[in-house]
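Asker: Structure: work-v6.cif, mmCIF, C-alpha atoms.
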```cif
data_entry
#
loop_
_atom_site.label_atom_id
_atom_site.label_comp_id
_atom_site.auth_asym_id
_atom_site.auth_seq_id
_atom_site.Cartn_x
_atom_site.Cartn_y
_atom_site.Cartn_z
CA MET A 1 11.47 -20.10 11.34
CA LYS A 2 9.25 -17.16 12.03
CA ILE A 3 5.99 -17.40 10.09
CA VAL A 4 3.39 -14.64 9.76
CA ILE A 5 -0.04 -15.73 8.54
CA VAL A 6 -2.77 -13.29 7.50
CA GLY A 7 -6.31 -14.66 7.69
CA CYS A 8 -7.44 -17.09 10.37
CA GLY A 9 -9.87 -19.10 8.26
CA ARG A 10 -9.77 -22.89 8.05
CA VAL A 11 -6.52 -22.98 6.09
CA GLY A 12 -4.89 -20.17 8.06
CA ALA A 13 -5.77 -21.72 11.41
CA SER A 14 -4.63 -25.20 10.29
CA ALA A 15 -1.32 -23.78 9.10
CA ALA A 16 -0.82 -21.80 12.32
CA VAL A 17 -1.47 -24.85 14.48
CA ALA A 18 0.67 -27.21 12.37
CA TYR A 19 3.67 -24.85 12.20
CA GLY A 20 3.34 -23.99 15.88
CA GLU A 21 3.40 -27.66 16.80
CA ALA A 22 6.40 -28.17 14.55
CA GLY A 23 8.24 -25.65 16.71
CA HIS A 24 8.11 -22.60 14.49
CA GLU A 25 7.38 -19.11 15.78
CA VAL A 26 3.90 -18.28 14.48
CA VAL A 27 2.01 -14.98 14.36
CA ILE A 28 -1.51 -15.06 12.94
CA LEU A 29 -3.58 -12.00 12.03
CA ASP A 30 -7.26 -11.55 11.35
CA ILE A 31 -9.59 -8.57 11.29
CA THR A 32 -12.12 -10.32 13.52
CA THR A 33 -11.30 -11.81 16.90
CA THR A 34 -14.00 -14.48 16.50
CA ALA A 35 -11.85 -16.01 13.76
CA PHE A 36 -9.39 -16.97 16.48
CA ASP A 37 -12.01 -19.35 17.89
CA ARG A 38 -10.64 -21.75 15.29
CA LEU A 39 -7.37 -21.92 17.21
CA PRO A 40 -7.18 -24.53 19.97
CA SER A 41 -6.36 -23.38 23.49
CA SER A 42 -3.09 -25.24 23.14
CA PHE A 43 -1.98 -22.78 20.39
CA ARG A 44 1.16 -21.11 21.63
CA GLY A 45 1.76 -18.61 18.86
CA GLN A 46 0.59 -15.03 18.80
CA ALA A 47 -2.86 -14.04 17.52
CA ILE A 48 -3.26 -10.37 16.63
CA ARG A 49 -6.43 -8.60 15.56
CA GLY A 50 -5.71 -6.23 12.69
CA ASP A 51 -5.84 -5.51 9.00
CA GLY A 52 -3.09 -7.39 7.17
CA THR A 53 -2.96 -4.75 4.43
CA ASP A 54 -2.00 -2.05 6.95
CA GLU A 55 1.74 -1.53 7.16
CA ASP A 56 1.59 -0.50 10.82
CA VAL A 57 -0.28 -3.66 11.75
CA LEU A 58 2.24 -5.82 9.91
CA ARG A 59 5.06 -4.06 11.71
CA ARG A 60 3.35 -4.73 15.03
CA ALA A 61 3.16 -8.39 14.06
CA GLY A 62 6.93 -8.44 13.63
CA THR A 63 6.89 -8.95 9.87
CA GLU A 64 10.31 -7.32 9.63
CA THR A 65 11.94 -10.37 11.17
CA ALA A 66 9.71 -13.00 9.52
CA ASP A 67 11.18 -15.68 7.27
CA VAL A 68 7.84 -16.67 5.76
CA PHE A 69 4.68 -14.68 5.11
CA ILE A 70 1.42 -16.32 3.98
CA ALA A 71 -1.67 -14.31 3.01
CA LEU A 72 -4.78 -16.49 3.18
CA THR A 73 -7.77 -14.17 3.55
CA GLU A 74 -10.89 -14.56 1.44
CA GLY A 75 -10.00 -11.52 -0.68
CA ASP A 76 -7.57 -12.01 -3.55
CA ASN A 77 -6.60 -8.34 -3.56
CA ARG A 78 -6.13 -8.15 0.19
CA ASN A 79 -3.78 -11.11 -0.09
CA ILE A 80 -1.93 -9.53 -2.98
CA MET A 81 -1.48 -6.24 -1.18
CA ALA A 82 -0.46 -7.85 2.12
CA ALA A 83 2.04 -10.08 0.30
CA GLN A 84 3.55 -7.18 -1.59
CA LEU A 85 3.90 -5.17 1.61
CA ALA A 86 5.69 -8.14 3.16
CA SER A 87 8.08 -8.53 0.27
CA GLU A 88 8.64 -4.88 -0.63
CA ALA A 89 8.35 -3.00 2.66
CA PHE A 90 9.63 -5.72 4.97
CA SER A 91 11.85 -7.78 2.66
CA VAL A 92 10.46 -11.11 3.80
CA GLY A 93 12.24 -13.95 2.01
CA LYS A 94 9.38 -16.29 1.19
CA VAL A 95 5.99 -14.77 0.52
CA ILE A 96 2.91 -16.71 -0.51
CA ALA A 97 -0.48 -15.27 -1.48
CA LYS A 98 -3.69 -17.17 -2.04
CA ILE A 99 -5.14 -15.82 -5.30
CA ASN A 100 -8.22 -17.64 -6.57
CA ASP A 101 -8.42 -15.78 -9.88
CA PRO A 102 -6.14 -17.79 -12.21
CA VAL A 103 -5.25 -14.70 -14.29
CA ARG A 104 -4.11 -12.74 -11.25
CA ALA A 105 -2.36 -15.82 -9.80
CA THR A 106 -0.23 -16.13 -12.93
CA ALA A 107 0.40 -12.39 -13.19
CA TYR A 108 1.63 -12.04 -9.61
CA ALA A 109 3.89 -15.08 -9.78
CA GLU A 110 5.57 -13.17 -12.61
CA LEU A 111 5.80 -10.15 -10.32
CA GLY A 112 7.66 -12.02 -7.62
CA ILE A 113 5.28 -13.65 -5.16
CA ALA A 114 4.48 -17.33 -4.83
CA THR A 115 0.80 -17.77 -5.56
CA LEU A 116 -1.69 -20.39 -4.54
CA CYS A 117 -4.77 -20.69 -6.73
CA ARG A 118 -7.59 -22.74 -5.24
CA THR A 119 -9.38 -22.87 -8.59
CA GLY A 120 -6.45 -24.65 -10.24
CA LEU A 121 -5.63 -26.85 -7.24
CA MET A 122 -9.20 -28.13 -7.02
CA MET A 123 -9.51 -28.70 -10.76
CA ASP A 124 -6.30 -30.69 -10.73
CA ALA A 125 -7.47 -32.75 -7.77
CA ILE A 126 -10.79 -33.49 -9.45
CA ASP A 127 -9.14 -34.30 -12.76
CA ALA A 128 -6.63 -36.60 -11.06
CA TYR A 129 -9.43 -38.49 -9.30
CA LEU A 130 -11.38 -38.84 -12.52
CA GLY A 131 -8.29 -39.88 -14.45
CA LEU A 132 -8.56 -36.88 -16.78
CA PRO A 133 -5.61 -34.78 -17.99
CA PRO A 134 -4.80 -31.91 -15.62
CA SER A 135 -6.30 -28.50 -16.34
CA ALA A 136 -4.14 -25.70 -17.69
CA LEU A 137 -4.99 -23.58 -14.64
CA PRO A 138 -2.28 -22.48 -12.20
CA GLY A 139 -2.13 -24.31 -8.85
CA MET A 140 0.81 -23.45 -6.63
CA LEU A 141 3.19 -21.22 -8.58
CA ALA A 142 6.69 -20.27 -7.52
CA PRO A 143 7.72 -16.72 -8.33
CA THR A 144 9.17 -16.54 -11.82
CA GLY A 145 10.24 -12.92 -11.86
CA HIS A 146 10.31 -9.93 -9.64
CA HIS A 147 9.12 -6.43 -9.64
CA ASP A 148 11.54 -4.21 -11.61
CA ALA A 149 12.16 -1.69 -8.89
CA VAL A 150 12.89 -4.10 -6.10
CA ALA A 151 15.94 -6.07 -7.12
CA HIS A 152 18.00 -4.32 -4.44
CA ALA A 153 15.54 -4.93 -1.62
CA ARG A 154 15.32 -8.58 -2.53
CA SER A 155 19.04 -9.26 -2.43
CA ALA A 156 19.23 -7.52 0.94
CA ALA A 157 16.50 -9.68 2.46
CA GLY A 158 19.09 -11.92 4.09
CA SER A 159 16.72 -14.56 5.32
CA PRO A 160 17.92 -18.16 5.62
CA ALA A 161 17.26 -20.26 2.57
CA ALA A 162 14.88 -22.49 4.46
CA THR A 163 12.31 -24.35 2.46
CA ALA A 164 8.74 -23.53 3.28
CA PRO A 165 6.68 -26.53 4.29
CA ALA A 166 3.78 -27.31 2.01
CA VAL A 167 0.71 -25.29 2.81
CA THR A 168 -2.16 -27.29 4.24
CA GLN A 169 -4.71 -27.65 1.53
CA GLU A 170 -8.36 -27.81 2.16
CA VAL A 171 -11.06 -28.68 -0.31
CA MET B 172 -8.26 8.76 -25.80
CA PHE B 173 -9.72 5.52 -24.42
CA VAL B 174 -10.07 5.67 -20.66
CA LEU B 175 -11.07 2.66 -18.60
CA VAL B 176 -12.56 3.73 -15.26
CA VAL B 177 -12.88 1.03 -12.60
CA GLY B 178 -15.29 1.64 -9.73
CA GLY B 179 -18.75 3.11 -10.16
CA GLY B 180 -19.05 5.06 -6.93
CA LYS B 181 -19.48 8.82 -6.90
CA VAL B 182 -15.94 9.46 -8.12
CA GLY B 183 -16.10 6.93 -10.96
CA TYR B 184 -19.54 8.08 -12.04
CA TYR B 185 -18.69 11.78 -12.30
CA LEU B 186 -15.31 11.01 -13.80
CA ALA B 187 -16.87 8.93 -16.57
CA LYS B 188 -19.50 11.59 -17.18
CA GLU B 189 -16.96 14.40 -17.47
CA LEU B 190 -14.71 12.35 -19.74
CA ILE B 191 -17.59 11.58 -22.09
CA GLU B 192 -18.50 15.26 -22.24
CA SER B 193 -14.89 16.04 -23.16
CA GLY B 194 -15.22 13.65 -26.08
CA HIS B 195 -13.17 10.72 -24.80
CA GLU B 196 -14.01 7.09 -25.27
CA VAL B 197 -14.89 5.68 -21.87
CA ALA B 198 -15.68 2.30 -20.35
CA LEU B 199 -16.76 2.07 -16.72
CA MET B 200 -16.53 -1.15 -14.72
CA GLU B 201 -18.77 -1.62 -11.68
CA LYS B 202 -19.18 -5.01 -10.04
CA ASP B 203 -22.50 -4.34 -8.30
CA PRO B 204 -25.12 -5.21 -10.97
CA SER B 205 -27.84 -2.88 -9.73
CA ARG B 206 -25.44 0.07 -9.44
CA ALA B 207 -24.09 -0.78 -12.91
CA ARG B 208 -27.62 -0.77 -14.38
CA GLN B 209 -28.42 2.51 -12.67
CA ILE B 210 -25.37 4.22 -14.17
CA ALA B 211 -26.03 2.68 -17.57
CA ASP B 212 -29.56 4.12 -17.50
CA GLU B 213 -28.11 7.56 -16.91
CA ILE B 214 -25.03 7.73 -19.09
CA GLY B 215 -25.49 4.97 -21.65
CA SER B 216 -24.12 1.59 -22.54
CA ILE B 217 -20.51 2.18 -21.55
CA VAL B 218 -20.95 0.29 -18.30
CA ILE B 219 -19.56 -3.18 -17.78
CA GLY B 220 -21.25 -4.88 -14.86
CA HIS B 221 -18.28 -6.96 -13.78
CA ASP B 222 -15.48 -6.89 -11.25
CA GLY B 223 -12.58 -4.88 -12.67
CA CYS B 224 -10.16 -6.77 -10.43
CA GLU B 225 -10.81 -9.99 -12.29
CA GLY B 226 -8.28 -10.46 -15.09
CA LYS B 227 -10.79 -12.01 -17.45
CA TYR B 228 -13.20 -9.07 -17.25
CA LEU B 229 -10.45 -6.46 -17.51
CA GLY B 230 -9.48 -8.13 -20.78
CA GLU B 231 -13.05 -8.17 -22.02
CA ALA B 232 -13.40 -4.47 -21.18
CA GLY B 233 -10.59 -3.72 -23.64
CA CYS B 234 -7.93 -3.02 -21.05
CA ASN B 235 -5.21 -3.95 -23.53
CA ARG B 236 -6.04 -0.99 -25.75
CA ALA B 237 -6.71 1.55 -22.96
CA ASP B 238 -4.59 4.70 -22.93
CA VAL B 239 -5.40 5.33 -19.29
CA VAL B 240 -6.78 3.14 -16.52
CA ALA B 241 -8.20 5.00 -13.51
CA ALA B 242 -8.84 2.82 -10.45
CA VAL B 243 -11.20 4.77 -8.22
CA THR B 244 -12.91 2.19 -6.02
CA GLY B 245 -13.12 2.78 -2.28
CA ASP B 246 -10.62 0.02 -1.50
CA ASP B 247 -6.90 0.61 -1.75
CA GLU B 248 -6.06 -3.04 -2.33
CA ASP B 249 -8.46 -3.20 -5.28
CA ASN B 250 -7.07 0.00 -6.80
CA LEU B 251 -3.52 -1.29 -6.46
CA VAL B 252 -4.30 -4.60 -8.12
CA ILE B 253 -6.29 -2.98 -10.95
CA CYS B 254 -3.36 -0.68 -11.76
CA GLN B 255 -0.76 -3.43 -11.52
CA MET B 256 -2.78 -5.75 -13.74
CA ALA B 257 -3.32 -2.93 -16.23
CA LYS B 258 0.36 -2.04 -16.22
CA HIS B 259 2.03 -5.42 -16.19
CA HIS B 260 -0.53 -7.70 -17.78
CA PHE B 261 -2.14 -5.38 -20.31
CA ASP B 262 0.69 -2.89 -20.95
CA VAL B 263 -1.42 0.17 -20.27
CA PRO B 264 0.81 3.27 -20.56
CA ARG B 265 -0.78 5.30 -17.78
CA THR B 266 -2.38 4.14 -14.55
CA ILE B 267 -4.02 6.31 -11.91
CA ALA B 268 -5.07 5.09 -8.46
CA ARG B 269 -7.16 6.59 -5.72
CA VAL B 270 -5.42 5.97 -2.40
CA ASN B 271 -7.33 6.27 0.85
CA ASN B 272 -4.63 5.42 3.36
CA PRO B 273 -1.81 7.95 2.85
CA LYS B 274 0.64 5.36 4.20
CA ASN B 275 0.02 3.28 1.07
CA GLU B 276 1.31 5.97 -1.27
CA GLU B 277 4.92 4.86 -1.09
CA LEU B 278 4.09 1.22 -1.77
CA PHE B 279 1.85 2.10 -4.72
CA ARG B 280 4.50 4.29 -6.25
CA HIS B 281 7.17 1.68 -5.64
CA LEU B 282 5.04 -0.96 -7.34
CA GLY B 283 4.70 1.12 -10.48
CA VAL B 284 1.37 2.96 -10.26
CA ASP B 285 1.95 6.09 -12.34
CA GLU B 286 -0.21 8.61 -10.52
CA LEU B 287 -1.77 8.66 -7.09
CA ILE B 288 -4.67 10.72 -5.88
CA SER B 289 -5.15 10.73 -2.14
CA PRO B 290 -8.25 12.58 -0.91
CA THR B 291 -7.14 11.97 2.69
CA ARG B 292 -3.77 13.59 2.05
CA MET B 293 -5.36 16.56 0.29
CA ILE B 294 -7.82 17.27 3.07
CA LEU B 295 -5.11 16.76 5.66
CA GLY B 296 -2.86 19.21 3.83
CA SER B 297 -5.64 21.74 3.67
CA ILE B 298 -6.40 21.50 7.39
CA GLU B 299 -2.77 21.68 8.41
CA GLN B 300 -2.36 24.92 6.49
CA ASP B 301 -5.09 26.58 8.54
CA ILE B 302 -4.74 25.46 12.12
CA PRO B 303 -1.84 26.49 14.31
CA VAL B 304 0.63 23.67 14.64
CA HIS B 305 3.28 23.25 17.25
CA GLU B 306 5.10 20.58 15.40
CA LEU B 307 7.25 20.80 12.35
CA LEU B 308 5.12 20.72 9.25
CA HIS B 309 6.42 18.38 6.59
CA LEU B 310 5.59 20.11 3.34
CA ALA B 311 7.00 17.72 0.79
CA ALA B 312 9.39 14.87 0.22
CA LEU B 313 12.15 15.57 -2.26
CA GLY B 314 14.80 13.54 -4.03
CA GLU B 315 13.46 10.01 -3.73
CA GLY B 316 12.07 10.81 -0.31
CA GLU B 317 15.42 11.26 1.38
CA LEU B 318 15.05 14.98 1.82
CA GLU B 319 12.16 16.84 3.28
CA LEU B 320 10.90 20.36 2.92
CA ILE B 321 9.93 21.45 6.41
CA GLU B 322 8.15 24.45 7.86
CA ALA B 323 8.57 25.47 11.50
CA HIS B 324 6.20 27.99 12.99
CA LEU B 325 8.01 29.88 15.77
CA GLN B 326 5.74 30.36 18.73
CA SER B 327 6.43 31.63 22.24
CA GLY B 328 8.78 29.24 23.95
CA SER B 329 10.80 28.58 20.84
CA PRO B 330 14.53 28.77 21.62
CA ALA B 331 15.13 30.31 18.19
CA ILE B 332 13.26 33.55 18.91
CA GLY B 333 15.64 36.51 19.16
CA ARG B 334 18.50 34.51 17.70
CA ALA B 335 20.01 34.09 14.26
CA PRO B 336 20.65 30.81 12.38
CA LYS B 337 24.41 31.15 12.97
CA ASP B 338 23.74 30.93 16.74
CA LEU B 339 21.83 27.68 16.45
CA ALA B 340 23.19 24.14 16.26
CA ILE B 341 21.70 23.31 12.89
CA PRO B 342 22.16 19.61 12.13
CA GLU B 343 24.53 18.58 9.37
CA GLY B 344 22.88 18.17 5.97
CA CYS B 345 20.14 20.61 6.85
CA SER B 346 19.62 24.12 5.61
CA LEU B 347 17.35 26.91 6.83
CA PHE B 348 16.82 28.96 3.74
CA ALA B 349 13.78 31.17 3.98
CA VAL B 350 11.59 32.98 6.45
CA ILE B 351 7.96 33.91 5.97
CA ARG B 352 7.10 37.01 7.98
CA ASN B 353 3.78 38.83 7.58
CA GLY B 354 3.07 36.77 4.50
CA ILE B 355 6.30 37.78 2.77
CA ALA B 356 9.03 35.26 2.05
CA THR B 357 12.64 36.41 2.23
CA PRO B 358 15.91 34.49 2.24
CA LEU B 359 17.05 33.60 5.73
CA ARG B 360 20.65 34.81 6.20
CA PRO B 361 23.00 33.48 8.88
CA ASP B 362 22.59 36.71 10.85
CA THR B 363 18.83 37.27 10.39
CA ILE B 364 17.23 37.55 13.83
CA MET B 365 14.17 35.28 14.02
CA LEU B 366 10.98 36.58 15.58
CA GLU B 367 7.92 35.07 17.17
CA GLY B 368 5.37 34.21 14.47
CA ASP B 369 8.02 33.62 11.81
CA LYS B 370 7.68 30.59 9.62
CA ILE B 371 11.07 29.10 8.92
CA ILE B 372 11.44 26.98 5.80
CA ALA B 373 14.11 24.33 5.93
CA ILE B 374 15.30 21.49 3.78
CA GLY B 375 17.10 18.49 5.17
CA LYS B 376 17.37 14.79 5.68
CA GLN B 377 14.54 13.06 7.48
CA GLU B 378 16.83 12.17 10.39
CA CYS B 379 17.43 15.87 11.06
CA SER B 380 13.82 16.33 12.01
CA ASP B 381 14.20 15.75 15.75
CA LEU B 382 17.24 18.01 16.14
CA LEU B 383 15.57 20.70 14.09
CA HIS B 384 12.51 20.38 16.28
CA ASP B 385 14.66 20.98 19.40
CA GLN B 386 16.23 24.05 17.85
CA LEU B 387 13.16 25.70 16.36
CA ILE B 388 10.15 24.52 18.36
CA GLY B 389 11.68 23.49 21.67
CA GLU B 390 12.61 20.22 23.33
CA LEU B 391 10.37 17.40 22.21
CA GLU B 392 7.39 17.30 24.48
CA ALA B 393 6.81 14.25 26.62
CA GLU B 394 3.83 13.13 24.57
CA ALA B 395 5.79 13.29 21.32
CA ALA B 396 8.85 11.65 22.82
CA GLY B 397 6.77 8.88 24.31
CA ALA B 398 5.12 7.99 21.00
#
```
Turn the structure described in the file into structure tokens.
Answerer:
Amino acid sequence: MKIVIVGCGRVGASAAVAYGEAGHEVVILDITTTAFDRLPSSFRGQAIRGDGTDEDVLRRAGTETADVFIALTEGDNRNIMAAQLASEAFSVGKVIAKINDPVRATAYAELGIATLCRTGLMMDAIDAYLGLPPSALPGMLAPTGHHDAVAHARSAAGSPAATAPAVTQEV
Amino acid sequence: MFVLVVGGGKVGYYLAKELIESGHEVALMEKDPSRARQIADEIGSIVIGHDGCEGKYLGEAGCNRADVVAAVTGDDEDNLVICQMAKHHFDVPRTIARVNNPKNEELFRHLGVDELISPTRMILGSIEQDIPVHELLHLAALGEGELELIEAHLQSGSPAIGRAPKDLAIPEGCSLFAVIRNGIATPLRPDTIMLEGDKIIAIGKQECSDLLHDQLIGELEAEAAGA
């Protein structure tokens, strides 16, 4: 699979390394080159400096031919916009955005992107450890709907129905 | 009308002020607390010192009863998300976004933002009207963006000078329909001889652009071809 990751933080770098070692084609983007210091010298994927919410940059990263796109920057809205560019402009099959605001995480799952909410994931982990009932917050949500205007683009995506490996979680 | 303005920069501030003067109900969201206090001191207690991107605070600001939401922060991604949340989560009938990167316009429109204001595009348009251009000038996109309204300024070296449209290989699906000469627009007929300084107005599919360029401006220059 070809996997494009936006944001080379701890999670982004871990995912890039893990998927690269598993034999996938990995491209990782970040707006600062120092972020790439997190990648080991053995990393064989591509690291590109650029803004993941810029369509031209995503094109340069080969998003058009990606099977999976994961937006993991520290900004919820940057992740949302990057993810929507990937799914709407580049028809990527599986798109995941990290959205820490539970309200936005739920709203965008309804609009067609898989969302990953750290707030909910951490609450659930804490609750599980303490033996308390899980919170009502969203954790990892699969898309439940899609944006009205994009039904045609989605069916034309044509990417293999590969299952995305679980995203490395970090607490 | 109840207007929710998100972003308390210069644009948001003057927008809120003007709207209040016109008698509208206004709420302004600004996440920077000191900037929020400063605006509140000047225009009253309509300021909400919270992040308008956060669903919880949008709800508290009364987003669900807003007639219009105007997202005017300096960041495109924030403006997009504010409008989408307003539209899809709070059922706001009319959303307006400020767009800084003109390339984002298509995506915003596609994702359901009702109106876009792009200062970059406006200034660009204004400059391009004034300076001589050697390229084709794309005036507007028509019909879902498939067709373009194009202006070609004929300058020395143009193969079209001294010839009429019927003598040119005009690409299929493209029509040259008007000429602006000395500030006067007239229909361009198949046998109208084109002169240096003419502005030819054409309409056609985007793909016609290169062929049209060859016919009206000259062969694509190396720099353009190499791009």
Asker: Pick the closest to chain A from B:Arg208, B:His260, B:Arg236, B:Lys188: which is it, counting all atoms listed in the file?
Answerer: B:His260
Asker: Interatomic distance between atom CA of A:Leu72 and atom CA of A:Ile31?
Answerer: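 Taking atom CA of A:Leu72 and atom CA of A:Ile31, their separation equals 12.3 Å.
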Asker: Would you mind listing, as a ChimeraX atom specification, all residues of chain A that have at least one atom within 10 Å of chain B, where all atoms listed in the file are what counts?
Answerer: /A:53-56,75-82,84-85,88-89,100-108,110-111,147-150
Asker: Store the residues picked out above, limited to C-alpha atoms, as an mmCIF file, in the coordinates of the input.
Answerer:
```
data_model
loop_
_atom_site.group_PDB
_atom_site.id
_atom_site.type_symbol
_atom_site.label_atom_id
_atom_site.label_comp_id
_atom_site.auth_asym_id
_atom_site.auth_seq_id
_atom_site.Cartn_x
_atom_site.Cartn_y
_atom_site.Cartn_z
ATOM 1 C CA THR A 53 -2.960 -4.750 4.430
ATOM 2 C CA ASP A 54 -2.000 -2.050 6.950
ATOM 3 C CA GLU A 55 1.740 -1.530 7.160
ATOM 4 C CA ASP A 56 1.590 -0.500 10.820
ATOM 5 C CA GLY A 75 -10.000 -11.520 -0.680
ATOM 6 C CA ASP A 76 -7.570 -12.010 -3.550
ATOM 7 C CA ASN A 77 -6.600 -8.340 -3.560
ATOM 8 C CA ARG A 78 -6.130 -8.150 0.190
ATOM 9 C CA ASN A 79 -3.780 -11.110 -0.090
ATOM 10 C CA ILE A 80 -1.930 -9.530 -2.980
ATOM 11 C CA MET A 81 -1.480 -6.240 -1.180
ATOM 12 C CA ALA A 82 -0.460 -7.850 2.120
ATOM 13 C CA GLN A 84 3.550 -7.180 -1.590
ATOM 14 C CA LEU A 85 3.900 -5.170 1.610
ATOM 15 C CA GLU A 88 8.640 -4.880 -0.630
ATOM 16 C CA ALA A 89 8.350 -3.000 2.660
ATOM 17 C CA ASN A 100 -8.220 -17.640 -6.570
ATOM 18 C CA ASP A 101 -8.420 -15.780 -9.880
ATOM 19 C CA PRO A 102 -6.140 -17.790 -12.210
ATOM 20 C CA VAL A 103 -5.250 -14.700 -14.290
ATOM 21 C CA ARG A 104 -4.110 -12.740 -11.250
ATOM 22 C CA ALA A 105 -2.360 -15.820 -9.800
ATOM 23 C CA THR A 106 -0.230 -16.130 -12.930
ATOM 24 C CA ALA A 107 0.400 -12.390 -13.190
ATOM 25 C CA TYR A 108 1.630 -12.040 -9.610
ATOM 26 C CA GLU A 110 5.570 -13.170 -12.610
ATOM 27 C CA LEU A 111 5.800 -10.150 -10.320
ATOM 28 C CA HIS A 147 9.120 -6.430 -9.640
ATOM 29 C CA ASP A 148 11.540 -4.210 -11.610
ATOM 30 C CA ALA A 149 12.160 -1.690 -8.890
ATOM 31 C CA VAL A 150 12.890 -4.100 -6.100
#
```
Asker: Just the residues within 8 Å of stretch 211-220 of chain B, please, counting all atoms listed in the file, with nothing from its chain fewer than 3 positions along; format it as a ChimeraX atom specification.
Answerer: /B:188,197-204,207-208,232
Asker: Measure the distance from atom CA of A:Leu116 to atom CA of B:Glu286 in Å and round it to one decimal.
Answerer: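 Separation between atom CA of A:Leu116 and atom CA of B:Glu286: 29.6 Å.
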Asker: Can you work out the spacing between atom CA of B:Leu366 and atom CA of B:Ala312 in Å, to one decimal?
Answerer: 26.6 Å
Asker: Please identify all polymer residues within 7 Å of A:Ile48, counting only C-alpha atoms, omitting same-chain residues fewer than 2 positions from it, and present them as a PyMOL selection string.
Answerer: chain A and resi 28-30+46+50
Asker: Using the chain letters and numbering of this document, enumerate as a PDB file with C-alpha atoms, keeping the file's coordinate frame the residues selected by the PyMOL selection byres ((chain A and resi 69) around 9).
Answerer:
```pdb
ATOM      1  CA  LYS A   2       9.250 -17.160  12.030  1.00  0.00           C
ATOM      2  CA  ILE A   3       5.990 -17.400  10.090  1.00  0.00           C
ATOM      3  CA  VAL A   4       3.390 -14.640   9.760  1.00  0.00           C
ATOM      4  CA  ILE A   5      -0.040 -15.730   8.540  1.00  0.00           C
ATOM      5  CA  VAL A   6      -2.770 -13.290   7.500  1.00  0.00           C
ATOM      6  CA  THR A  63       6.890  -8.950   9.870  1.00  0.00           C
ATOM      7  CA  ALA A  66       9.710 -13.000   9.520  1.00  0.00           C
ATOM      8  CA  ASP A  67      11.180 -15.680   7.270  1.00  0.00           C
ATOM      9  CA  VAL A  68       7.840 -16.670   5.760  1.00  0.00           C
ATOM     10  CA  ILE A  70       1.420 -16.320   3.980  1.00  0.00           C
ATOM     11  CA  ALA A  71      -1.670 -14.310   3.010  1.00  0.00           C
ATOM     12  CA  ALA A  83       2.040 -10.080   0.300  1.00  0.00           C
ATOM     13  CA  ALA A  86       5.690  -8.140   3.160  1.00  0.00           C
ATOM     14  CA  SER A  87       8.080  -8.530   0.270  1.00  0.00           C
ATOM     15  CA  VAL A  92      10.460 -11.110   3.800  1.00  0.00           C
ATOM     16  CA  GLY A  93      12.240 -13.950   2.010  1.00  0.00           C
ATOM     17  CA  LYS A  94       9.380 -16.290   1.190  1.00  0.00           C
ATOM     18  CA  VAL A  95       5.990 -14.770   0.520  1.00  0.00           C
ATOM     19  CA  ILE A  96       2.910 -16.710  -0.510  1.00  0.00           C
ATOM     20  CA  ALA A  97      -0.480 -15.270  -1.480  1.00  0.00           C
TER      21      ALA A  97
END
```
Asker: Taking (6.0, 27.6, 14.8) as a centre in this file's frame and 6 Å as the limit, can you find every polymer residue with an atom that close, using only C-alpha atoms, and give them as a PyMOL selection string?
Answerer: chain B and resi 305+323-326
Asker: Using only C-alpha atoms, please write the residues we just selected to a file, as a short mmCIF file (atom, residue, chain, number, x, y, z; two decimals), in the frame of the given file.
Answerer:
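Dumped to again00.cif:
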```cif
data_model
loop_
_atom_site.label_atom_id
_atom_site.label_comp_id
_atom_site.auth_asym_id
_atom_site.auth_seq_id
_atom_site.Cartn_x
_atom_site.Cartn_y
_atom_site.Cartn_z
CA HIS B 305 3.28 23.25 17.25
CA ALA B 323 8.57 25.47 11.50
CA HIS B 324 6.20 27.99 12.99
CA LEU B 325 8.01 29.88 15.77
CA GLN B 326 5.74 30.36 18.73
#
```
Asker: Taking the file as shown, find all residues satisfying the PyMOL selection byres ((chain B and resi 173-182) around 7) and write them as number ranges by chain.
Answerer: B: 172, 183-187, 195-201, 223, 234, 237-244
Asker: Would you mind exporting C-alpha atoms of the selected residues as a compact mmCIF listing (two decimals), in the coordinates of the input?
Answerer:
```txt
# COMPACT_ATOMS: atom_id res chain seq x y z
CA MET B 172 -8.26 8.76 -25.80
CA GLY B 183 -16.10 6.93 -10.96
CA TYR B 184 -19.54 8.08 -12.04
CA TYR B 185 -18.69 11.78 -12.30
CA LEU B 186 -15.31 11.01 -13.80
CA ALA B 187 -16.87 8.93 -16.57
CA HIS B 195 -13.17 10.72 -24.80
CA GLU B 196 -14.01 7.09 -25.27
CA VAL B 197 -14.89 5.68 -21.87
CA ALA B 198 -15.68 2.30 -20.35
CA LEU B 199 -16.76 2.07 -16.72
CA MET B 200 -16.53 -1.15 -14.72
CA GLU B 201 -18.77 -1.62 -11.68
CA GLY B 223 -12.58 -4.88 -12.67
CA CYS B 234 -7.93 -3.02 -21.05
CA ALA B 237 -6.71 1.55 -22.96
CA ASP B 238 -4.59 4.70 -22.93
CA VAL B 239 -5.40 5.33 -19.29
CA VAL B 240 -6.78 3.14 -16.52
CA ALA B 241 -8.20 5.00 -13.51
CA ALA B 242 -8.84 2.82 -10.45
CA VAL B 243 -11.20 4.77 -8.22
CA THR B 244 -12.91 2.19 -6.02
```
Asker: Which residue is closest to A:Cys8? Choose from A:Arg44, A:Arg118, A:His24, A:Arg49 and count only C-alpha atoms.
Answerer: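 So, comparing all the options, the nearest one is A:Arg49.
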Asker: Using only C-alpha atoms, what residues lie at most 6 Å away from (13.8, 28.0, 21.0) (file coordinates), given as a VMD selection string?
Answerer: chain B and resid 328 to 332 386 to 389
